>>> print(open('data-v5.cif').read())   # mmCIF, C-alpha atoms
data_entry
#
loop_
_atom_site.label_atom_id
_atom_site.label_comp_id
_atom_site.auth_asym_id
_atom_site.auth_seq_id
_atom_site.Cartn_x
_atom_site.Cartn_y
_atom_site.Cartn_z
CA MET A 9 44.23 -2.56 12.14
CA THR A 10 43.22 -1.74 15.69
CA GLY A 11 40.00 -2.90 17.29
CA ASP A 12 38.57 0.62 17.09
CA GLN A 13 39.31 0.80 13.36
CA ARG A 14 37.64 -2.56 12.76
CA LYS A 15 34.57 -1.48 14.73
CA LYS A 16 34.18 1.72 12.71
CA LEU A 17 34.73 -0.12 9.43
CA MET A 18 32.11 -2.68 10.43
CA ILE A 19 29.55 0.08 11.06
CA LEU A 20 30.37 1.64 7.67
CA MET A 21 30.08 -1.76 5.95
CA ILE A 22 26.69 -2.39 7.54
CA ASN A 23 25.48 1.03 6.40
CA MET A 24 26.72 0.50 2.85
CA PHE A 25 25.21 -2.99 2.72
CA ILE A 26 21.84 -1.73 3.95
CA ALA A 27 21.87 1.19 1.50
CA ILE A 28 22.72 -0.91 -1.55
CA GLY A 29 20.71 -3.94 -0.44
CA SER A 30 17.58 -1.93 0.30
CA PHE A 31 17.64 -0.53 -3.22
CA GLY A 32 18.37 -3.97 -4.70
CA ILE A 33 15.29 -5.38 -2.96
CA ILE A 34 13.01 -3.65 -5.46
CA ILE A 35 14.82 -4.82 -8.62
CA PRO A 36 13.02 -8.18 -9.14
CA ILE A 37 9.52 -6.72 -8.77
CA LEU A 38 10.01 -3.38 -10.52
CA PRO A 39 8.93 -4.59 -14.01
CA ALA A 40 5.77 -6.22 -12.64
CA TYR A 41 5.00 -3.20 -10.48
CA LEU A 42 5.38 -0.77 -13.38
CA ASP A 43 3.15 -3.00 -15.48
CA SER A 44 0.53 -2.89 -12.72
CA ILE A 45 0.36 0.92 -13.05
CA ASN A 46 0.36 0.73 -16.87
CA GLU A 47 3.99 1.77 -17.31
CA GLY A 48 6.64 -0.09 -19.27
CA GLY A 49 10.24 -0.17 -20.42
CA MET A 50 10.69 3.57 -20.86
CA ALA A 51 9.66 4.18 -17.24
CA ALA A 52 12.04 1.44 -16.05
CA GLY A 53 14.89 3.06 -17.96
CA LEU A 54 14.06 6.50 -16.59
CA MET A 55 14.07 5.11 -13.05
CA ILE A 56 17.74 4.20 -13.50
CA ALA A 57 18.69 7.35 -15.40
CA ILE A 58 16.95 9.75 -12.97
CA PHE A 59 18.58 8.12 -9.93
CA ALA A 60 22.03 8.20 -11.53
CA GLY A 61 21.46 11.73 -12.84
CA ALA A 62 20.53 13.10 -9.41
CA GLN A 63 23.54 11.34 -7.93
CA LEU A 64 25.73 12.81 -10.69
CA VAL A 65 24.58 16.40 -10.13
CA PHE A 66 24.72 16.27 -6.34
CA SER A 67 27.89 14.22 -5.71
CA PRO A 68 30.49 17.01 -5.90
CA ILE A 69 28.38 19.25 -3.66
CA ALA A 70 27.85 16.42 -1.20
CA GLY A 71 31.57 15.67 -1.18
CA LYS A 72 32.35 19.28 -0.25
CA TRP A 73 29.72 19.16 2.49
CA ALA A 74 31.40 16.02 3.88
CA ASP A 75 34.58 18.09 4.24
CA ASP A 76 32.81 21.16 5.63
CA TYR A 77 30.13 19.68 7.92
CA GLY A 78 31.42 16.21 8.75
CA ARG A 79 31.23 12.64 7.48
CA ARG A 80 28.74 11.44 10.09
CA LYS A 81 26.06 14.01 9.22
CA MET A 82 26.26 13.26 5.50
CA ILE A 83 26.04 9.50 6.10
CA ILE A 84 22.95 9.93 8.28
CA TYR A 85 21.28 12.38 5.87
CA GLY A 86 22.09 10.08 2.94
CA LEU A 87 20.52 7.07 4.62
CA PHE A 88 17.46 9.15 5.51
CA GLY A 89 17.14 10.22 1.86
CA LEU A 90 17.19 6.59 0.73
CA ALA A 91 14.57 5.67 3.34
CA LEU A 92 12.35 8.58 2.29
CA SER A 93 12.67 7.55 -1.34
CA MET A 94 11.38 4.06 -0.57
CA PHE A 95 8.50 5.39 1.54
CA VAL A 96 7.42 7.56 -1.42
CA PHE A 97 7.60 4.47 -3.62
CA TYR A 98 5.38 2.59 -1.18
CA PHE A 99 2.69 5.23 -0.60
CA PHE A 100 2.26 6.60 -4.15
CA ASP A 101 1.37 5.08 -7.52
CA SER A 102 1.72 8.22 -9.64
CA ILE A 103 4.61 7.81 -12.07
CA TRP A 104 5.69 11.40 -11.43
CA MET A 105 5.90 10.77 -7.69
CA LEU A 106 7.95 7.66 -8.44
CA TYR A 107 10.32 9.76 -10.53
CA ALA A 108 10.50 12.22 -7.63
CA SER A 109 11.40 9.35 -5.32
CA ARG A 110 14.29 8.46 -7.62
CA VAL A 111 15.57 12.04 -7.37
CA ILE A 112 15.43 11.82 -3.56
CA GLY A 113 17.17 8.44 -3.65
CA GLY A 114 19.90 9.72 -5.97
CA ILE A 115 20.59 12.67 -3.67
CA GLY A 116 20.69 10.29 -0.70
CA ALA A 117 23.25 8.09 -2.46
CA ALA A 118 25.29 11.18 -3.38
CA LEU A 119 25.42 12.21 0.28
CA LEU A 120 26.20 8.71 1.53
CA VAL A 121 28.85 7.21 -0.75
CA PRO A 122 31.53 9.97 -0.77
CA ALA A 123 31.14 10.46 2.99
CA ILE A 124 31.69 6.76 3.68
CA PHE A 125 34.85 6.57 1.57
CA ALA A 126 36.12 9.84 3.07
CA TYR A 127 35.45 8.36 6.54
CA VAL A 128 37.56 5.33 5.58
CA ALA A 129 40.39 7.67 4.56
CA ASP A 130 40.16 9.42 7.94
CA ILE A 131 40.50 6.27 10.03
CA THR A 132 43.11 4.37 7.98
CA THR A 133 46.76 4.90 7.20
CA PHE A 134 48.09 4.94 3.63
CA ASP A 135 49.05 1.27 3.95
CA GLN A 136 45.60 0.33 5.30
CA ARG A 137 43.62 2.37 2.77
CA ALA A 138 43.31 -0.36 0.11
CA LYS A 139 42.01 -2.88 2.63
CA GLY A 140 39.51 -0.39 4.06
CA ASN A 141 38.17 0.53 0.63
CA SER A 142 38.01 -3.10 -0.47
CA LEU A 143 35.92 -3.98 2.61
CA ILE A 144 33.44 -1.18 1.82
CA SER A 145 33.32 -2.26 -1.83
CA ALA A 146 32.69 -5.85 -0.69
CA ALA A 147 29.73 -4.63 1.39
CA MET A 148 28.38 -2.89 -1.72
CA SER A 149 28.77 -6.05 -3.78
CA PHE A 150 27.16 -8.17 -1.06
CA GLY A 151 24.19 -5.79 -1.01
CA ILE A 152 23.88 -6.17 -4.78
CA VAL A 153 23.84 -9.97 -4.38
CA VAL A 154 21.51 -10.25 -1.37
CA GLY A 155 19.05 -7.44 -2.12
CA PRO A 156 17.38 -8.87 -5.23
CA GLY A 157 17.07 -12.31 -3.63
CA ILE A 158 15.27 -10.86 -0.61
CA GLY A 159 13.08 -8.80 -2.94
CA GLY A 160 12.01 -11.89 -4.86
CA PHE A 161 11.06 -13.61 -1.61
CA LEU A 162 9.14 -10.59 -0.28
CA ALA A 163 7.18 -10.28 -3.52
CA ASP A 164 5.14 -13.30 -2.40
CA PHE A 165 3.57 -11.00 0.21
CA GLY A 166 2.53 -8.41 -2.37
CA LEU A 167 4.16 -6.25 -5.02
CA LYS A 168 4.57 -3.32 -2.64
CA ALA A 169 5.94 -5.32 0.29
CA PRO A 170 9.59 -4.96 -0.82
CA PHE A 171 9.22 -1.16 -0.96
CA LEU A 172 7.98 -1.01 2.63
CA ILE A 173 10.62 -3.39 3.98
CA SER A 174 13.33 -1.50 2.10
CA ALA A 175 12.18 1.79 3.64
CA ILE A 176 12.03 0.34 7.17
CA VAL A 177 15.50 -1.21 6.87
CA ALA A 178 16.99 2.07 5.61
CA LEU A 179 15.28 3.95 8.46
CA PHE A 180 16.78 1.44 10.91
CA ALA A 181 20.20 2.27 9.46
CA VAL A 182 19.57 5.96 10.21
CA PHE A 183 18.98 5.29 13.92
CA PHE A 184 21.79 2.73 13.95
CA SER A 185 24.21 5.40 12.70
CA ILE A 186 22.91 8.11 15.04
CA VAL A 187 23.60 5.87 18.03
CA LEU A 188 26.84 4.10 17.04
CA LEU A 189 28.64 6.21 14.43
CA LYS A 190 30.96 8.92 15.70
CA GLU A 191 32.61 11.68 13.69
CA PRO A 192 36.20 10.63 12.88
CA ASP A 193 39.16 12.67 14.05
CA ARG A 194 40.56 14.78 11.23
CA PRO A 195 43.81 16.65 11.78
CA GLU A 196 43.73 20.26 10.64
CA GLN A 197 45.38 20.52 7.25
CA PRO A 198 46.09 23.67 5.27
CA ALA A 199 44.22 24.29 2.05
CA ALA A 200 46.07 23.36 -1.11
CA ALA A 201 48.44 26.07 -2.27
CA GLY A 202 46.72 28.53 -4.57
CA HIS A 203 43.29 27.15 -3.73
CA PRO A 204 41.75 28.81 -0.65
CA ALA A 205 39.39 26.84 1.54
CA GLU A 206 36.48 29.13 0.60
CA GLU A 207 37.00 28.70 -3.14
CA PRO A 208 33.58 28.60 -4.90
CA MET A 209 32.29 25.13 -5.72
CA MET A 210 32.12 25.75 -9.48
CA LYS A 211 35.82 26.59 -9.53
CA LYS A 212 36.55 23.38 -7.69
CA LEU A 213 34.53 21.43 -10.26
CA ALA A 214 36.53 23.00 -13.08
CA ARG A 215 39.72 22.31 -11.13
CA SER A 216 39.08 18.55 -11.12
CA VAL A 217 40.53 18.45 -14.65
CA THR A 218 43.89 19.74 -13.36
CA MET A 219 44.00 17.71 -10.17
CA PRO A 220 46.60 14.91 -9.85
CA TYR A 221 43.86 12.29 -9.61
CA PHE A 222 42.04 13.38 -12.79
CA ILE A 223 43.16 10.31 -14.79
CA PRO A 224 41.89 7.91 -12.08
CA LEU A 225 38.59 9.83 -12.22
CA VAL A 226 38.44 9.27 -15.99
CA ILE A 227 39.19 5.57 -15.47
CA THR A 228 36.36 5.42 -12.95
CA LEU A 229 34.01 6.94 -15.53
CA VAL A 230 35.07 4.53 -18.28
CA MET A 231 34.88 1.49 -16.00
CA SER A 232 31.39 2.48 -14.80
CA PHE A 233 30.32 3.16 -18.38
CA GLY A 234 31.56 -0.23 -19.58
CA LEU A 235 30.24 -2.22 -16.65
CA MET A 236 26.78 -0.62 -16.68
CA ALA A 237 26.61 -0.96 -20.47
CA TYR A 238 27.53 -4.62 -20.10
CA GLU A 239 25.05 -5.25 -17.29
CA SER A 240 22.20 -3.44 -19.03
CA VAL A 241 22.26 -5.72 -22.10
CA LEU A 242 23.53 -8.88 -20.40
CA GLY A 243 20.13 -10.52 -19.99
CA LEU A 244 18.95 -9.51 -23.46
CA PHE A 245 22.14 -10.80 -25.08
CA VAL A 246 22.18 -14.27 -23.52
CA ASP A 247 18.46 -14.60 -24.25
CA ASP A 248 18.75 -13.53 -27.89
CA GLU A 249 22.05 -15.26 -28.61
CA PHE A 250 21.86 -18.45 -26.51
CA GLY A 251 18.18 -18.80 -25.56
CA ALA A 252 18.95 -18.42 -21.84
CA THR A 253 16.11 -18.81 -19.34
CA PRO A 254 15.39 -16.35 -16.51
CA GLN A 255 16.99 -18.87 -14.16
CA ASP A 256 20.15 -18.88 -16.29
CA ILE A 257 20.29 -15.09 -16.16
CA ALA A 258 19.69 -15.05 -12.39
CA LEU A 259 22.49 -17.60 -11.91
CA MET A 260 24.89 -15.45 -13.92
CA VAL A 261 24.06 -12.22 -12.08
CA THR A 262 24.25 -13.87 -8.65
CA SER A 263 27.53 -15.63 -9.45
CA THR A 264 29.21 -12.44 -10.63
CA GLY A 265 28.09 -10.74 -7.43
CA VAL A 266 29.51 -13.53 -5.27
CA VAL A 267 32.81 -13.36 -7.16
CA SER A 268 32.93 -9.60 -6.57
CA VAL A 269 32.47 -10.05 -2.82
CA LEU A 270 35.12 -12.76 -2.51
CA VAL A 271 37.66 -10.85 -4.59
CA GLN A 272 37.20 -7.63 -2.61
CA LEU A 273 37.38 -9.41 0.73
CA PHE A 274 40.36 -11.70 0.11
CA VAL A 275 42.30 -10.58 -2.98
CA VAL A 276 42.47 -6.80 -3.39
CA ASP A 277 44.49 -5.91 -0.30
CA ARG A 278 47.03 -8.69 -0.90
CA ILE A 279 47.78 -7.87 -4.53
CA VAL A 280 47.89 -4.10 -3.93
CA THR A 281 50.28 -4.61 -1.00
CA LYS A 282 52.51 -6.82 -3.13
CA TYR A 283 52.46 -4.99 -6.48
CA GLY A 284 51.15 -1.45 -5.82
CA GLU A 285 48.13 0.37 -7.23
CA GLY A 286 49.77 1.28 -10.57
CA LYS A 287 50.63 -2.25 -11.69
CA VAL A 288 47.32 -3.66 -10.48
CA LEU A 289 45.47 -0.90 -12.35
CA ASN A 290 47.22 -1.65 -15.64
CA LEU A 291 46.86 -5.40 -15.31
CA PHE A 292 43.15 -5.47 -14.61
CA LEU A 293 42.28 -2.80 -17.15
CA ALA A 294 43.92 -5.16 -19.63
CA VAL A 295 42.00 -8.14 -18.20
CA ALA A 296 38.68 -6.28 -18.48
CA ALA A 297 39.48 -5.28 -22.08
CA LEU A 298 40.40 -8.89 -22.85
CA GLY A 299 37.07 -10.04 -21.43
CA PHE A 300 35.14 -7.67 -23.70
CA PHE A 301 37.20 -8.88 -26.68
CA ILE A 302 36.62 -12.59 -25.99
CA SER A 303 32.90 -11.98 -25.46
CA LEU A 304 32.61 -11.14 -29.16
CA PHE A 305 33.51 -14.75 -29.97
CA ALA A 306 31.65 -16.66 -27.23
CA GLY A 307 29.80 -19.54 -28.86
CA ASN A 308 27.64 -20.73 -25.98
CA TYR A 309 26.09 -19.65 -22.71
CA TRP A 310 28.67 -21.27 -20.41
CA LEU A 311 31.62 -19.68 -22.19
CA PHE A 312 29.91 -16.29 -21.96
CA PHE A 313 29.20 -17.05 -18.29
CA GLY A 314 32.92 -17.57 -17.68
CA ILE A 315 33.81 -14.38 -19.56
CA SER A 316 31.32 -12.43 -17.43
CA LEU A 317 32.97 -13.75 -14.27
CA LEU A 318 36.34 -12.58 -15.62
CA ILE A 319 35.04 -9.07 -16.39
CA PHE A 320 33.32 -8.68 -13.02
CA CYS A 321 36.40 -10.01 -11.23
CA ALA A 322 38.54 -7.36 -12.94
CA THR A 323 36.17 -4.48 -12.22
CA SER A 324 35.75 -5.64 -8.62
CA ILE A 325 39.49 -5.20 -8.17
CA LEU A 326 39.64 -1.93 -10.11
CA ARG A 327 36.94 -0.17 -8.08
CA PRO A 328 38.63 -0.22 -4.63
CA VAL A 329 42.06 0.30 -6.22
CA LEU A 330 40.82 3.47 -7.91
CA ASN A 331 39.17 4.67 -4.69
CA THR A 332 42.44 4.10 -2.86
CA LEU A 333 44.55 5.82 -5.52
CA ILE A 334 42.29 8.89 -5.56
CA SER A 335 42.20 9.00 -1.77
CA LYS A 336 45.99 8.89 -1.49
CA MET A 337 46.36 11.73 -4.00
CA ALA A 338 43.59 13.90 -2.53
CA GLY A 339 45.45 15.31 0.49
CA SER A 340 43.18 17.40 2.70
CA GLU A 341 40.15 17.30 0.36
CA GLN A 342 39.06 13.70 0.96
CA GLY A 343 35.33 14.48 0.91
CA PHE A 344 35.59 16.55 -2.26
CA ALA A 345 37.74 13.94 -4.01
CA MET A 346 35.32 11.15 -3.14
CA GLY A 347 32.45 13.36 -4.30
CA MET A 348 34.17 13.86 -7.64
CA ASN A 349 34.83 10.13 -7.81
CA ASN A 350 31.13 9.47 -7.25
CA MET A 351 30.22 12.10 -9.84
CA TYR A 352 32.43 10.60 -12.55
CA MET A 353 31.08 7.15 -11.71
CA SER A 354 27.54 8.48 -12.04
CA ILE A 355 28.33 9.93 -15.49
CA GLY A 356 29.29 6.42 -16.56
CA ASN A 357 26.18 4.97 -14.91
CA VAL A 358 23.97 7.37 -16.90
CA LEU A 359 25.71 7.15 -20.27
CA GLY A 360 26.56 3.42 -20.22
CA PRO A 361 23.05 1.92 -20.27
CA THR A 362 21.77 4.67 -22.59
CA CYS A 363 24.46 4.10 -25.23
CA ALA A 364 24.34 0.32 -24.84
CA GLY A 365 20.57 0.24 -25.39
CA LEU A 366 20.81 2.37 -28.53
CA LEU A 367 23.72 0.34 -29.94
CA TYR A 368 22.11 -3.00 -29.08
CA ASP A 369 19.12 -2.17 -31.26
CA VAL A 370 21.54 -1.68 -34.17
CA ASN A 371 23.74 -4.71 -33.52
CA ILE A 372 23.82 -6.86 -30.39
CA PHE A 373 27.65 -6.92 -30.41
CA PHE A 374 28.15 -3.16 -30.64
CA PRO A 375 27.93 -2.50 -26.85
CA PHE A 376 30.81 -4.94 -26.26
CA MET A 377 32.84 -3.41 -29.10
CA LEU A 378 32.39 0.04 -27.60
CA GLY A 379 33.48 -1.19 -24.16
CA LEU A 380 36.57 -2.82 -25.70
CA VAL A 381 37.61 0.36 -27.53
CA LEU A 382 37.12 2.58 -24.47
CA LEU A 383 39.01 0.24 -22.13
CA GLY A 384 41.87 -0.08 -24.63
CA LEU A 385 42.20 3.69 -24.95
CA THR A 386 42.01 4.08 -21.18
CA LEU A 387 44.82 1.56 -20.68
CA ILE A 388 47.04 3.50 -23.11
CA ILE A 389 46.23 6.83 -21.43
CA THR A 390 46.89 5.32 -17.99
CA MET A 391 50.31 4.00 -18.96
CA ILE A 392 51.29 7.39 -20.46
CA TRP A 393 50.06 9.17 -17.33
CA GLN A 394 52.05 6.83 -15.08
CA LYS A 395 55.26 7.39 -17.08
CA ARG A 396 54.82 11.17 -16.87
CA SER A 397 54.18 10.94 -13.13
CA VAL A 398 57.40 8.97 -12.65
CA LYS A 399 59.35 11.58 -14.63
CA GLN A 400 57.80 14.46 -12.68
CA ASN A 401 58.57 12.79 -9.35
CA ALA A 402 62.15 12.17 -10.46
CA LEU A 403 62.58 15.82 -11.47
CA SER A 404 61.06 17.16 -8.26
CA SER A 405 63.29 14.97 -6.09
CA SER A 406 66.50 15.86 -7.96
#
>>> encode(input="data-v5.cif", output="structure tokens")
Amino acid sequence: MTGDQRKKLMILMINMFIAIGSFGIIIPILPAYLDSINEGGMAAGLMIAIFAGAQLVFSPIAGKWADDYGRRKMIIYGLFGLALSMFVFYFFDSIWMLYASRVIGGIGAALLVPAIFAYVADITTFDQRAKGNSLISAAMSFGIVVGPGIGGFLADFGLKAPFLISAIVALFAVFFSIVLLKEPDRPEQPAAAGHPAEEPMMKKLARSVTMPYFIPLVITLVMSFGLMAYESVLGLFVDDEFGATPQDIALMVTSTGVVSVLVQLFVVDRIVTKYGEGKVLNLFLAVAALGFFISLFAGNYWLFFGISLLIFCATSILRPVLNTLISKMAGSEQGFAMGMNNMYMSIGNVLGPTCAGLLYDVNIFFPFMLGLVLLGLTLIITMIWQKRSVKQNALSSS
């Protein structure tokens, strides 16, 4: 990569880290804060669901806007939405205002994430795309690791201190982007045949089912569903099954985050360059499914710890690989494709914890069984899709 590419990627990584990290800051103190305003588990669950739901609804629209109005504007507006969300959290104690702040935050994330990945597609070549996406994914993972730790430290200065710091940091990112981030050069490309540029958004949403990257979108949904389902019951499971302490749970969550960062920084680009997206996709879908299967038989905390590292390692590789695959197949609609990618991911983020919570109350192993079944089916569908794609390419070239 050139120096200019590295500079732009660094700015995007900083923005993504600030966005994810500023949200992660509030995670350690959220239960205590909700308790202080006489709210409990249902409110905590709704905080996650409302954020993901707003992101789900707004992502495809935001992706189209990134194509129509520019990546830079959407990144700046998205960061501003996240900052505004945290300021609302800081200044209000009404639960309904807090729910409103989650809507604002979800819209901000919907504006930000597709625009950043579309920006990466604009400034990288096909061969560089996997590395660019893996660097952005690493920044996301690093934010997930660092944010909660900072939040725990800031809580010593008051329950609301993390909200204020989070808002200020996100606002700093807004000004940082206004000053340093430039709109990328995008060569004029014709609209896809049979699909005019002014096609209504609802038709484009329906068209996602027939797009060449539909199967990768489905895989994104399933992976998000499984990972969020796994994460949402992780602490409960190791507590109920192995008597894990809060420190044990914190160690597990932090370690999986560190593994995600290292894998995305140093592994993804090398294995994709060597083996290609298709083979890597199949391999690590199988690894993730294997992790869910082995977790059903884990007899102690440390074995389950190791299995969790395996699952998070696999999904950390799958995420940038899927982003890259979708980007390469998207042609001139990078913003829209990334918006759809974010939308399908958000569907998984909403449904995963909801289904896992309901199933966990029936049997603590059911969430892992569901993840195993879905990943197994997805692997089969992916292999069939890849074989059909090879046949179609062979026919079109003959």
>>> closest_residue(input="data-v5.cif", among="A:Gly307, A:Gly286, A:Gly71, A:Gly234", to="Phe374 of chain A", atoms="all atoms listed in the file")
A:Gly234
>>> residues_near_point(input="data-v5.cif", point="(36.1, 0.4, 6.4)", cutoff="9 Å", atoms="all atoms listed in the file", output="VMD selection string")
chain A and resid 13 to 21 124 to 125 127 to 129 131 to 132 137 139 to 144
>>> write_last_selection(input="data-v5.cif", atoms="C-alpha atoms", output="PDB file, in the coordinates of the input")
ATOM      1  CA  GLN A  13      39.310   0.800  13.360  1.00  0.00           C
ATOM      2  CA  ARG A  14      37.640  -2.560  12.760  1.00  0.00           C
ATOM      3  CA  LYS A  15      34.570  -1.480  14.730  1.00  0.00           C
ATOM      4  CA  LYS A  16      34.180   1.720  12.710  1.00  0.00           C
ATOM      5  CA  LEU A  17      34.730  -0.120   9.430  1.00  0.00           C
ATOM      6  CA  MET A  18      32.110  -2.680  10.430  1.00  0.00           C
ATOM      7  CA  ILE A  19      29.550   0.080  11.060  1.00  0.00           C
ATOM      8  CA  LEU A  20      30.370   1.640   7.670  1.00  0.00           C
ATOM      9  CA  MET A  21      30.080  -1.760   5.950  1.00  0.00           C
ATOM     10  CA  ILE A 124      31.690   6.760   3.680  1.00  0.00           C
ATOM     11  CA  PHE A 125      34.850   6.570   1.570  1.00  0.00           C
ATOM     12  CA  TYR A 127      35.450   8.360   6.540  1.00  0.00           C
ATOM     13  CA  VAL A 128      37.560   5.330   5.580  1.00  0.00           C
ATOM     14  CA  ALA A 129      40.390   7.670   4.560  1.00  0.00           C
ATOM     15  CA  ILE A 131      40.500   6.270  10.030  1.00  0.00           C
ATOM     16  CA  THR A 132      43.110   4.370   7.980  1.00  0.00           C
ATOM     17  CA  ARG A 137      43.620   2.370   2.770  1.00  0.00           C
ATOM     18  CA  LYS A 139      42.010  -2.880   2.630  1.00  0.00           C
ATOM     19  CA  GLY A 140      39.510  -0.390   4.060  1.00  0.00           C
ATOM     20  CA  ASN A 141      38.170   0.530   0.630  1.00  0.00           C
ATOM     21  CA  SER A 142      38.010  -3.100  -0.470  1.00  0.00           C
ATOM     22  CA  LEU A 143      35.920  -3.980   2.610  1.00  0.00           C
ATOM     23  CA  ILE A 144      33.440  -1.180   1.820  1.00  0.00           C
TER      24      ILE A 144
END
>>> residues_around(input="data-v5.cif", residues="segment 357-373 of chain A", least_positions_apart="3", cutoff="7 Å", atoms="all atoms listed in the file", output="tab-separated table (two decimals) with C-alpha atoms, in the frame of the given file")
chain	number	residue	atom	x	y	z
A	57	ALA	CA	18.69	7.35	-15.40
A	60	ALA	CA	22.03	8.20	-11.53
A	61	GLY	CA	21.46	11.73	-12.84
A	232	SER	CA	31.39	2.48	-14.80
A	233	PHE	CA	30.32	3.16	-18.38
A	234	GLY	CA	31.56	-0.23	-19.58
A	236	MET	CA	26.78	-0.62	-16.68
A	237	ALA	CA	26.61	-0.96	-20.47
A	240	SER	CA	22.20	-3.44	-19.03
A	241	VAL	CA	22.26	-5.72	-22.10
A	245	PHE	CA	22.14	-10.80	-25.08
A	304	LEU	CA	32.61	-11.14	-29.16
A	353	MET	CA	31.08	7.15	-11.71
A	354	SER	CA	27.54	8.48	-12.04
A	376	PHE	CA	30.81	-4.94	-26.26
A	377	MET	CA	32.84	-3.41	-29.10
>>> resolve_selection(input="data-v5.cif", expression="the PyMOL selection byres ((chain A and resi 381-383) around 10)", output="list in words")
Ile227, Val230, Met231, Phe233, Gly234, Leu293, Ala294, Val295, Ala296, Ala297, Leu298, Phe300, Phe301, Phe376, Met377, Leu378, Gly379, Leu380, Gly384, Leu385, Thr386, Leu387, Ile388 and Ile389 of chain A
>>> atom_distance(input="data-v5.cif", atom1="atom CA of Phe312 of chain A", atom2="atom CA of Thr264 of chain A")
12.0 Å
>>> atom_distance(input="data-v5.cif", atom1="atom CA of Leu179 of chain A", atom2="atom CA of Ser93 of chain A")
10.8 Å
>>> resolve_selection(input="data-v5.cif", expression="the PyMOL selection byres ((chain A and resi 181) around 12)", output="VMD selection string")
chain A and resid 19 to 30 83 to 91 120 174 to 180 182 to 189
>>> atom_distance(input="data-v5.cif", atom1="atom CA of Val217 of chain A", atom2="atom CA of Ala345 of chain A")
11.9 Å
>>> residues_around(input="data-v5.cif", residues="Ile69 of chain A", least_positions_apart="6", cutoff="9 Å", atoms="only C-alpha atoms", output="list of chain:residue names")
A:Ala118, A:Leu119, A:Met209, A:Phe344, A:Gly347, A:Met348
>>> closest_residue(input="data-v5.cif", among="A:Met219, A:Ala138, A:Val96, A:Val65", to="Met337 of chain A", atoms="all atoms listed in the file")
A:Met219
>>> resolve_selection(input="data-v5.cif", expression="the PyMOL selection byres ((chain A and resi 316-327) around 7)", output="ChimeraX atom specification")
/A:264,267-268,271-272,276,289,292,295-296,299,312-315,328-331
>>> closest_residue(input="data-v5.cif", among="A:Met55, A:Val153, A:Ala70, A:Leu42", to="Thr262 of chain A", atoms="only C-alpha atoms")
A:Val153
>>> closest_residue(input="data-v5.cif", among="A:Met260, A:Met9, A:Leu172, A:Leu54", to="Met94 of chain A", atoms="all atoms listed in the file")
A:Leu172
